[in-house]
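S.K.: Sharing query12.cif (mmCIF, C-alpha atoms and all ligand atoms) below.
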```
data_protein
loop_
_atom_site.label_atom_id
_atom_site.label_comp_id
_atom_site.auth_asym_id
_atom_site.auth_seq_id
_atom_site.Cartn_x
_atom_site.Cartn_y
_atom_site.Cartn_z
CA MET A 1 3.69 2.65 8.05
CA THR A 2 5.57 5.95 8.41
CA GLU A 3 8.83 5.83 10.33
CA GLN A 4 9.49 7.87 13.48
CA LYS A 5 10.12 11.46 12.31
CA ALA A 6 12.81 11.94 14.98
CA GLY A 7 15.80 13.72 13.54
CA SER A 8 17.97 13.86 16.67
CA ILE A 9 18.21 10.77 18.86
CA LEU A 10 20.39 9.99 21.88
CA ILE A 11 20.85 6.38 23.01
CA THR A 12 22.86 5.34 26.06
CA GLY A 13 24.38 1.87 26.08
CA ALA A 14 24.58 1.81 22.28
CA SER A 15 27.78 -0.24 22.20
CA SER A 16 25.98 -3.58 22.46
CA GLY A 17 22.72 -5.52 22.40
CA ILE A 18 19.42 -3.65 22.31
CA GLY A 19 21.06 -0.19 22.26
CA GLU A 20 23.19 -1.20 19.28
CA ALA A 21 20.15 -2.59 17.45
CA LEU A 22 18.19 0.62 18.15
CA ALA A 23 21.07 2.78 16.86
CA LEU A 24 21.23 0.75 13.64
CA HIS A 25 17.44 0.81 13.32
CA TYR A 26 17.28 4.61 13.46
CA ALA A 27 20.46 5.23 11.41
CA LYS A 28 19.56 6.84 8.11
CA PRO A 29 20.24 10.04 6.17
CA GLY A 30 18.91 13.13 7.97
CA VAL A 31 19.18 11.53 11.41
CA PHE A 32 21.65 12.72 14.04
CA LEU A 33 22.60 9.99 16.51
CA ALA A 34 24.32 10.63 19.84
CA LEU A 35 25.53 7.27 21.13
CA SER A 36 27.25 6.34 24.38
CA GLY A 37 28.83 3.31 25.98
CA ARG A 38 31.99 2.31 27.84
CA ASP A 39 33.76 0.07 25.32
CA GLN A 40 35.56 2.27 22.78
CA GLU A 41 36.17 -0.41 20.17
CA ARG A 42 32.60 -1.70 20.07
CA LEU A 43 31.07 1.78 20.18
CA ASP A 44 33.33 3.02 17.35
CA ALA A 45 32.41 0.02 15.17
CA ILE A 46 28.68 0.67 15.70
CA ALA A 47 29.09 4.41 15.06
CA GLN A 48 30.84 3.52 11.80
CA SER A 49 28.00 1.20 10.76
CA CYS A 50 25.46 3.94 11.52
CA ARG A 51 27.47 6.43 9.44
CA GLY A 52 27.50 3.81 6.68
CA ARG A 53 23.69 3.96 6.76
CA GLY A 54 23.81 7.74 6.26
CA ALA A 55 23.38 9.05 9.82
CA ASP A 56 25.49 11.76 11.46
CA VAL A 57 26.95 10.26 14.63
CA ASP A 58 28.51 11.56 17.83
CA ALA A 59 29.86 8.60 19.81
CA GLN A 60 31.03 9.20 23.37
CA ILE A 61 32.62 6.98 26.00
CA ILE A 62 30.83 8.05 29.18
CA ASP A 63 29.82 6.09 32.24
CA VAL A 64 26.14 6.86 32.93
CA VAL A 65 27.03 7.05 36.62
CA ASP A 66 29.17 10.16 35.96
CA GLU A 67 26.50 12.81 36.52
CA GLN A 68 28.61 15.80 35.51
CA ALA A 69 29.98 14.24 32.31
CA MET A 70 26.50 13.06 31.32
CA ARG A 71 24.96 16.51 31.88
CA GLN A 72 27.75 18.22 29.94
CA TRP A 73 27.53 15.85 26.97
CA ILE A 74 23.73 15.76 26.78
CA GLU A 75 23.38 19.55 27.05
CA GLN A 76 26.04 19.97 24.36
CA VAL A 77 24.23 17.54 22.05
CA ASP A 78 20.86 19.19 22.74
CA ASP A 79 22.29 22.69 22.08
CA ALA A 80 23.57 21.62 18.67
CA HIS A 81 20.79 19.16 17.72
CA PRO A 82 17.68 19.63 19.90
CA LEU A 83 16.78 16.08 20.89
CA ASP A 84 13.58 14.54 19.56
CA LEU A 85 14.12 11.24 21.34
CA LEU A 86 16.32 10.10 24.22
CA ILE A 87 16.49 6.40 25.04
CA ALA A 88 17.95 5.73 28.51
CA ASN A 89 18.94 2.17 27.70
CA ALA A 90 22.28 1.48 29.43
CA GLY A 91 21.97 -1.14 32.14
CA ILE A 92 23.53 -4.15 33.77
CA GLY A 93 22.29 -7.45 35.14
CA LEU A 94 24.76 -8.52 37.82
CA ALA A 95 24.65 -11.78 39.69
CA THR A 96 25.74 -12.09 43.30
CA SER A 97 28.75 -14.33 43.77
CA LYS A 98 31.25 -15.36 46.40
CA ASP A 99 33.22 -12.21 45.49
CA ARG A 100 30.23 -9.83 45.38
CA SER A 101 27.74 -9.59 48.20
CA LEU A 102 24.07 -8.78 47.75
CA HIS A 103 24.84 -5.32 49.17
CA GLU A 104 27.57 -4.62 46.58
CA THR A 105 25.47 -6.07 43.75
CA THR A 106 22.48 -3.93 44.66
CA LYS A 107 24.51 -0.72 45.10
CA LYS A 108 26.20 -1.15 41.71
CA THR A 109 22.99 -2.18 39.96
CA PHE A 110 21.07 0.83 41.32
CA ALA A 111 23.93 3.21 40.49
CA ILE A 112 23.79 2.22 36.79
CA ASN A 113 20.19 1.10 36.24
CA VAL A 114 18.50 3.79 38.35
CA THR A 115 20.84 6.76 38.97
CA GLY A 116 22.23 6.25 35.45
CA VAL A 117 18.71 6.73 34.08
CA PHE A 118 18.26 9.94 36.12
CA ASN A 119 21.64 11.19 34.83
CA SER A 120 20.51 10.47 31.27
CA ILE A 121 17.05 12.01 31.29
CA HIS A 122 17.20 14.92 33.75
CA PRO A 123 19.57 17.09 31.66
CA VAL A 124 16.99 17.26 28.87
CA LEU A 125 13.60 16.80 30.53
CA GLU A 126 13.00 20.47 31.42
CA ARG A 127 14.42 21.61 28.08
CA MET A 128 11.93 19.38 26.26
CA LYS A 129 9.14 20.65 28.52
CA LYS A 130 9.99 24.26 27.67
CA ARG A 131 9.89 23.61 23.94
CA GLN A 132 6.85 21.33 24.38
CA SER A 133 8.32 18.59 22.22
CA GLY A 134 10.47 15.54 22.64
CA GLN A 135 10.24 11.99 23.81
CA ILE A 136 12.00 10.11 26.59
CA ALA A 137 12.11 6.33 26.71
CA ILE A 138 13.28 4.49 29.81
CA MET A 139 14.55 0.93 29.53
CA ALA A 140 12.96 -1.19 32.26
CA SER A 141 12.15 -4.89 31.84
CA VAL A 142 9.35 -7.41 32.32
CA ALA A 143 11.34 -8.15 35.50
CA GLY A 144 10.17 -4.68 36.58
CA PHE A 145 6.56 -5.77 37.03
CA ARG A 146 7.36 -7.33 40.41
CA GLY A 147 10.29 -8.08 42.69
CA MET A 148 11.88 -11.34 41.48
CA PRO A 149 13.60 -13.60 44.04
CA GLY A 150 16.03 -14.84 41.36
CA ALA A 151 17.19 -11.31 40.50
CA ALA A 152 16.42 -9.11 43.51
CA SER A 153 18.73 -6.16 42.70
CA TYR A 154 17.98 -6.18 38.99
CA SER A 155 14.20 -6.50 39.28
CA ALA A 156 14.02 -3.86 42.02
CA SER A 157 16.04 -1.43 39.86
CA LYS A 158 13.65 -2.02 36.96
CA VAL A 159 10.55 -1.66 39.19
CA ALA A 160 11.98 1.73 40.21
CA VAL A 161 12.58 3.08 36.71
CA LYS A 162 9.30 1.66 35.41
CA ALA A 163 7.39 3.49 38.15
CA TYR A 164 9.42 6.66 37.57
CA GLY A 165 8.70 6.61 33.84
CA GLU A 166 4.98 6.00 34.39
CA ALA A 167 4.87 8.88 36.86
CA LEU A 168 6.75 11.26 34.54
CA ARG A 169 4.46 10.29 31.66
CA GLY A 170 1.53 11.72 33.62
CA ALA A 171 3.45 14.65 35.07
CA TYR A 172 4.72 15.82 31.66
CA TRP A 173 1.63 14.83 29.67
CA GLY A 174 1.00 17.05 26.64
CA ARG A 175 4.52 18.49 26.79
CA VAL A 176 7.00 15.61 26.76
CA LYS A 177 6.19 12.04 25.73
CA VAL A 178 7.52 9.51 28.23
CA ASN A 179 7.58 5.78 27.58
CA VAL A 180 8.73 2.74 29.50
CA ILE A 181 10.20 -0.24 27.65
CA CYS A 182 9.78 -3.69 29.24
CA PRO A 183 11.37 -6.42 27.15
CA GLY A 184 11.39 -10.11 27.97
CA PHE A 185 14.51 -12.09 27.04
CA VAL A 186 16.51 -10.52 24.18
CA GLU A 187 19.79 -11.82 22.74
CA SER A 188 22.62 -9.60 24.03
CA ARG A 189 25.86 -9.71 25.99
CA MET A 190 23.73 -9.59 29.14
CA THR A 191 21.61 -12.67 28.36
CA ALA A 192 24.62 -14.54 26.94
CA GLN A 193 25.68 -15.03 30.59
CA ASN A 194 22.41 -16.71 31.60
CA ARG A 195 22.63 -20.44 32.24
CA PHE A 196 18.90 -21.10 32.44
CA PRO A 197 16.13 -21.48 29.84
CA MET A 198 14.97 -18.14 28.41
CA PRO A 199 11.45 -18.58 26.98
CA PHE A 200 10.60 -16.59 23.84
CA LEU A 201 14.19 -15.29 23.51
CA MET A 202 14.26 -12.90 20.54
CA THR A 203 16.95 -11.15 18.54
CA ALA A 204 17.94 -7.60 19.40
CA ASP A 205 16.95 -6.48 15.86
CA LYS A 206 13.40 -7.72 16.38
CA ALA A 207 13.27 -6.08 19.82
CA ALA A 208 14.44 -2.77 18.29
CA ARG A 209 11.65 -2.91 15.69
CA ILE A 210 9.02 -3.56 18.37
CA ILE A 211 10.41 -0.76 20.55
CA ALA A 212 10.52 1.74 17.67
CA LYS A 213 6.91 0.89 16.76
CA GLY A 214 5.80 1.34 20.37
CA LEU A 215 7.59 4.69 20.59
CA ARG A 216 6.05 5.84 17.33
CA LYS A 217 2.61 5.06 18.80
CA ASN A 218 3.59 6.70 22.11
CA LYS A 219 2.64 3.58 24.09
CA GLY A 220 3.00 4.12 27.84
CA VAL A 221 4.51 0.71 28.54
CA ILE A 222 6.05 -1.19 25.65
CA ALA A 223 6.06 -4.74 27.06
CA PHE A 224 6.95 -7.74 24.87
CA PRO A 225 6.86 -10.52 23.84
CA PHE A 226 3.16 -10.92 24.60
CA PRO A 227 3.31 -14.30 26.44
CA THR A 228 6.07 -13.12 28.83
CA ALA A 229 4.46 -9.75 29.44
CA PHE A 230 1.07 -11.41 29.97
CA ALA A 231 2.54 -13.95 32.43
CA MET A 232 4.29 -11.21 34.42
CA ARG A 233 1.15 -9.06 34.55
CA PHE A 234 -0.90 -12.10 35.58
CA LEU A 235 1.57 -12.87 38.40
CA THR A 236 0.96 -9.42 39.88
CA LEU A 237 -2.78 -10.20 40.07
CA LEU A 238 -2.37 -13.46 41.99
CA PRO A 239 -2.63 -13.66 45.77
CA GLN A 240 0.80 -12.91 47.24
CA ALA A 241 1.27 -16.41 48.72
CA LEU A 242 0.68 -17.99 45.31
CA SER A 243 2.96 -15.67 43.34
CA ASP A 244 5.63 -16.07 46.06
CA ALA A 245 5.40 -19.86 45.74
CA ILE A 246 5.70 -19.70 41.92
CA LEU A 247 8.58 -17.23 41.91
CA ARG A 248 10.57 -19.05 44.59
CA ARG A 249 11.14 -21.68 41.88
CA SER A 250 12.45 -19.15 39.33
CA PRO A 251 16.14 -19.48 38.39
CA GLN A 252 18.84 -17.41 40.17
CA LYS A 253 20.59 -14.80 37.98
N1 LIG B 1 18.59 -8.53 27.03
C1 LIG B 1 17.47 -8.69 27.72
O1 LIG B 1 16.90 -9.78 27.78
C2 LIG B 1 16.86 -7.50 28.41
C3 LIG B 1 15.54 -7.65 28.89
C4 LIG B 1 14.95 -6.57 29.53
C5 LIG B 1 15.64 -5.39 29.68
N2 LIG B 1 16.92 -5.28 29.21
C6 LIG B 1 17.61 -4.00 29.40
O2 LIG B 1 18.08 -3.55 28.16
C7 LIG B 1 19.19 -2.68 28.37
C8 LIG B 1 20.31 -3.07 27.42
O3 LIG B 1 20.77 -4.37 27.80
P1 LIG B 1 21.27 -5.46 26.75
O4 LIG B 1 20.49 -6.68 27.01
O5 LIG B 1 21.33 -4.90 25.40
O6 LIG B 1 22.71 -5.76 27.36
P2 LIG B 1 24.18 -5.49 26.82
O7 LIG B 1 24.39 -6.09 25.50
O8 LIG B 1 25.04 -5.90 27.95
O9 LIG B 1 24.22 -3.89 26.66
C9 LIG B 1 24.28 -3.04 27.76
C10 LIG B 1 24.70 -1.68 27.28
O10 LIG B 1 24.71 -0.79 28.41
C11 LIG B 1 25.99 -0.19 28.47
N3 LIG B 1 26.36 0.11 29.84
C12 LIG B 1 26.32 -0.71 30.91
N4 LIG B 1 26.75 -0.07 31.99
C13 LIG B 1 27.06 1.19 31.61
C14 LIG B 1 27.56 2.33 32.27
N5 LIG B 1 27.84 2.31 33.58
N6 LIG B 1 27.74 3.46 31.56
C15 LIG B 1 27.47 3.49 30.24
N7 LIG B 1 27.00 2.46 29.56
C16 LIG B 1 26.81 1.32 30.24
C17 LIG B 1 26.95 -1.19 27.87
O11 LIG B 1 28.12 -0.51 27.48
P3 LIG B 1 29.55 -1.28 27.36
O12 LIG B 1 29.26 -2.64 26.81
O13 LIG B 1 30.31 -0.40 26.43
O14 LIG B 1 30.09 -1.33 28.74
C18 LIG B 1 26.11 -1.68 26.70
O15 LIG B 1 26.17 -0.77 25.64
C19 LIG B 1 19.55 -2.81 29.86
O16 LIG B 1 19.02 -1.71 30.57
C20 LIG B 1 18.85 -4.08 30.27
O17 LIG B 1 18.53 -4.11 31.64
C21 LIG B 1 17.54 -6.31 28.58
#
```
Render the structure in this file as structure tokens.
M.R.:
Amino acid sequence: MTEQKAGSILITGASSGIGEALALHYAKPGVFLALSGRDQERLDAIAQSCRGRGADVDAQIIDVVDEQAMRQWIEQVDDAHPLDLLIANAGIGLATSKDRSLHETTKKTFAINVTGVFNSIHPVLERMKKRQSGQIAIMASVAGFRGMPGAASYSASKVAVKAYGEALRGAYWGRVKVNVICPGFVESRMTAQNRFPMPFLMTADKAARIIAKGLRKNKGVIAFPFPTAFAMRFLTLLPQALSDAILRRSPQK
């Protein structure tokens, strides 16, 4: 199968987990990678590995919440290397605790998982539309199929970006490709904190291969693994009282 032709790719949250695996997946000669994260040491090490695979790399420490810095960096990258693919991947999965109320958890989660996605994609969306080429992928989750009592802030943030991506896909149809990525459990720093069973947990490398294949095929929603995605879709079809009763038993993040 032919690989994605993308020559210029920007990935947020490339310093760990799925973003790291995607960066390494796409790293090869002829590819320009713009990578961001917050941890300098981890991001530098990944940038080095990508260079080792032959890619040109620009690695930047930028918080996705910083709208101005994001716009400046992304426009600069796009001026020099018009982006073929932008993956808005950076995200967090915070738990509430005795030190962090539901209000604080939700505000922080939405700032990164929702506003951070806007800050990542808006600087380039109209540019891509003008040149009638380019692809934007938004990282949601299977938890974004429905509000989940065990992860209210997280699932609501992913419902929001999933819906936004689906809407943009239609709105920009024929000019910019827009895709939503909905993984189940993937090994990463985020899931390493979970103290509950994670069915069908897969490696980040495998997830990156599935995502890249879905993007190559321009799938609207790239949801995997099949059993988790199927179960989540099925839950949304059940009568509310039944899905409520099932989900009330789901583990707390
Ligand atoms: N793992 C799963 O099971 C799973 C399932 C569904 C969806 N997802 C989604 O996949 C994405 C990646 O998560 P992951 O599982 O790979 O977790 P991870 O290993 O914790 O990676 C998260 C990445 O996002 C970056 N990030 C977080 N907050 C940021 C901010 N404010 N500004 C810039 N970068 C920020 C992190 O950077 P630093 O480490 O440098 O701070 C890191 O590179 C997230 O959107 C997550 O919701 C994950």
S.K.: Could you give me, as CSV, every segment 105-183 of chain A residue with an atom at most 12 Å from segment 34-50 of chain A, plus its closest atom pair and distance in Å to one decimal, counting only C-alpha atoms, rows ordered by chain then number?
M.R.:
```
residue,atom,partner,partner_atom,distance
A:Ile112,CA,A:Gly37,CA,12.0
A:Gly116,CA,A:Gly37,CA,11.9
A:Ser120,CA,A:Ser36,CA,10.5
```
S.K.: Go ahead and write the residues just picked, C-alpha atoms, as a PDB file, keeping the file's coordinate frame.
M.R.:
```
ATOM      1  CA  ILE A 112      23.790   2.220  36.790  1.00  0.00           C
ATOM      2  CA  GLY A 116      22.230   6.250  35.450  1.00  0.00           C
ATOM      3  CA  SER A 120      20.510  10.470  31.270  1.00  0.00           C
TER       4      SER A 120
END
```
S.K.: Taking only residues of chain A that have an atom at most 7 Å from an atom of ligand LIG 1 (chain B), what is each one's shortest atom pair and its distance in Å to one decimal, using only C-alpha atoms and all ligand atoms, in chain and number order, as CSV?
M.R.:
```
residue,atom,partner,partner_atom,distance
A:Thr12,CA,B:LIG1,N7,6.1
A:Gly13,CA,B:LIG1,O15,3.2
A:Ala14,CA,B:LIG1,O15,4.5
A:Ser15,CA,B:LIG1,O15,3.8
A:Ser16,CA,B:LIG1,O15,4.2
A:Gly17,CA,B:LIG1,O5,3.4
A:Ile18,CA,B:LIG1,O5,3.8
A:Gly19,CA,B:LIG1,O5,5.7
A:Ser36,CA,B:LIG1,N7,6.5
A:Gly37,CA,B:LIG1,O13,4.0
A:Arg38,CA,B:LIG1,O13,3.5
A:Asp39,CA,B:LIG1,O13,3.7
A:Gln40,CA,B:LIG1,O13,6.9
A:Arg42,CA,B:LIG1,O13,6.9
A:Leu43,CA,B:LIG1,O13,6.7
A:Ile62,CA,B:LIG1,C15,5.8
A:Asp63,CA,B:LIG1,N6,3.4
A:Val64,CA,B:LIG1,N6,4.0
A:Val65,CA,B:LIG1,N5,5.7
A:Asn89,CA,B:LIG1,O16,4.8
A:Ala90,CA,B:LIG1,O10,3.5
A:Gly91,CA,B:LIG1,O16,3.4
A:Ile92,CA,B:LIG1,C12,5.3
A:Gly93,CA,B:LIG1,O17,6.1
A:Ile112,CA,B:LIG1,N5,5.2
A:Asn113,CA,B:LIG1,O16,6.4
A:Met139,CA,B:LIG1,O16,5.3
A:Ala140,CA,B:LIG1,C5,5.6
A:Ser141,CA,B:LIG1,C4,4.0
A:Val142,CA,B:LIG1,C4,6.3
A:Cys182,CA,B:LIG1,C4,5.9
A:Pro183,CA,B:LIG1,C4,4.3
A:Gly184,CA,B:LIG1,C3,4.9
A:Phe185,CA,B:LIG1,O1,3.4
A:Val186,CA,B:LIG1,O1,3.7
A:Glu187,CA,B:LIG1,N1,5.5
A:Ser188,CA,B:LIG1,O7,4.2
A:Arg189,CA,B:LIG1,O7,3.9
A:Met190,CA,B:LIG1,O8,4.1
A:Thr191,CA,B:LIG1,N1,5.3
```
S.K.: Quick one: of A:Asp56, A:His25, A:Leu10, A:Thr105, who's nearest to Trp73 of chain A, counting all atoms listed in the file?
M.R.: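 Distance minimum relative to Trp73 of chain A lands on A:Leu10.
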S.K.: Between atom CA of His122 of chain A and atom CA of Gly134 of chain A, what is the spacing in Å?
M.R.: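 Those two atoms sit 13.0 Å apart.
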S.K.: Closest to Ala171 of chain A among A:Ala192, A:Leu125, A:Met232, A:Ala69, using all atoms listed in the file?
M.R.: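 Smallest distance to Ala171 of chain A is found for A:Leu125.
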S.K.: Excluding Asp84 of chain A and its own-chain neighbours fewer than 4 positions away, which residues fall within 10 Å of it when counting only C-alpha atoms? Please give them as a ChimeraX atom specification.
M.R.: /A:4-10,32,78,128,133-136,176-177
S.K.: Rounded to one decimal, what separation in Å do you get between atom CA of Asp244 of chain A and atom CA of Met148 of chain A?
M.R.: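 These two atoms are separated by 9.1 Å.
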S.K.: Using all atoms listed in the file, can you tell me which of A:Ala156, A:Ala55, A:Val178, A:Val117 comes closest to Arg216 of chain A?
M.R.: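 Nearest candidate to Arg216 of chain A out of A:Ala156, A:Ala55, A:Val178, A:Val117: A:Val178.
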S.K.: So what do you get for atom CA of Thr236 of chain A versus atom CA of Pro199 of chain A, distance-wise?
M.R.: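 Between atom CA of Thr236 of chain A and atom CA of Pro199 of chain A the gap works out to 19.0 Å.
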S.K.: Between A:Ala23, A:Ala223, A:Val180, A:Ile11, which is the closest to Arg53 of chain A once you count all atoms listed in the file?
M.R.: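 Nearest candidate to Arg53 of chain A out of A:Ala23, A:Ala223, A:Val180, A:Ile11: A:Ala23.
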S.K.: Compile the contact shell of Leu247 of chain A as a PyMOL selection string: residues with an atom at most 9 Å away, counting all atoms listed in the file, same-chain residues fewer than 3 positions apart removed.
M.R.: chain A and resi 148-150+235+242-244+250-251
S.K.: Go through A:Ala27, A:Ile74, A:Leu94, A:Ala137 and flag the residue nearest Gly52 of chain A, using only C-alpha atoms for the distances.
M.R.: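 Closest candidate: A:Ala27.
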S.K.: If we draw a sphere of 9 Å around (13.9, -1.9, 21.8), which residues have at least one atom in it when counting all atoms listed in the file? Please report them as a PyMOL selection string.
M.R.: chain A and resi 18-19+21-22+89+139+181-183+204-212+214+222
S.K.: Generate the output file for the selected residues, C-alpha atoms, as a compact mmCIF listing (two decimals), in the coordinates of the input.
M.R.:
```
# COMPACT_ATOMS: atom_id res chain seq x y z
CA ILE A 18 19.42 -3.65 22.31
CA GLY A 19 21.06 -0.19 22.26
CA ALA A 21 20.15 -2.59 17.45
CA LEU A 22 18.19 0.62 18.15
CA ASN A 89 18.94 2.17 27.70
CA MET A 139 14.55 0.93 29.53
CA ILE A 181 10.20 -0.24 27.65
CA CYS A 182 9.78 -3.69 29.24
CA PRO A 183 11.37 -6.42 27.15
CA ALA A 204 17.94 -7.60 19.40
CA ASP A 205 16.95 -6.48 15.86
CA LYS A 206 13.40 -7.72 16.38
CA ALA A 207 13.27 -6.08 19.82
CA ALA A 208 14.44 -2.77 18.29
CA ARG A 209 11.65 -2.91 15.69
CA ILE A 210 9.02 -3.56 18.37
CA ILE A 211 10.41 -0.76 20.55
CA ALA A 212 10.52 1.74 17.67
CA GLY A 214 5.80 1.34 20.37
CA ILE A 222 6.05 -1.19 25.65
```
S.K.: Would you pick out the contacts of Glu126 of chain A at 10 Å or less, using all atoms listed in the file, so that residues sharing its chain but fewer than 6 positions from it are not included, and give the list as a ChimeraX atom specification?
M.R.: /A:132,172,175-176
S.K.: Closest to Glu20 of chain A among A:Thr203, A:Arg195, A:Ala231, A:His103, using all atoms listed in the file?
M.R.: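 Checking each candidate against Glu20 of chain A, we get A:Thr203 as the closest.
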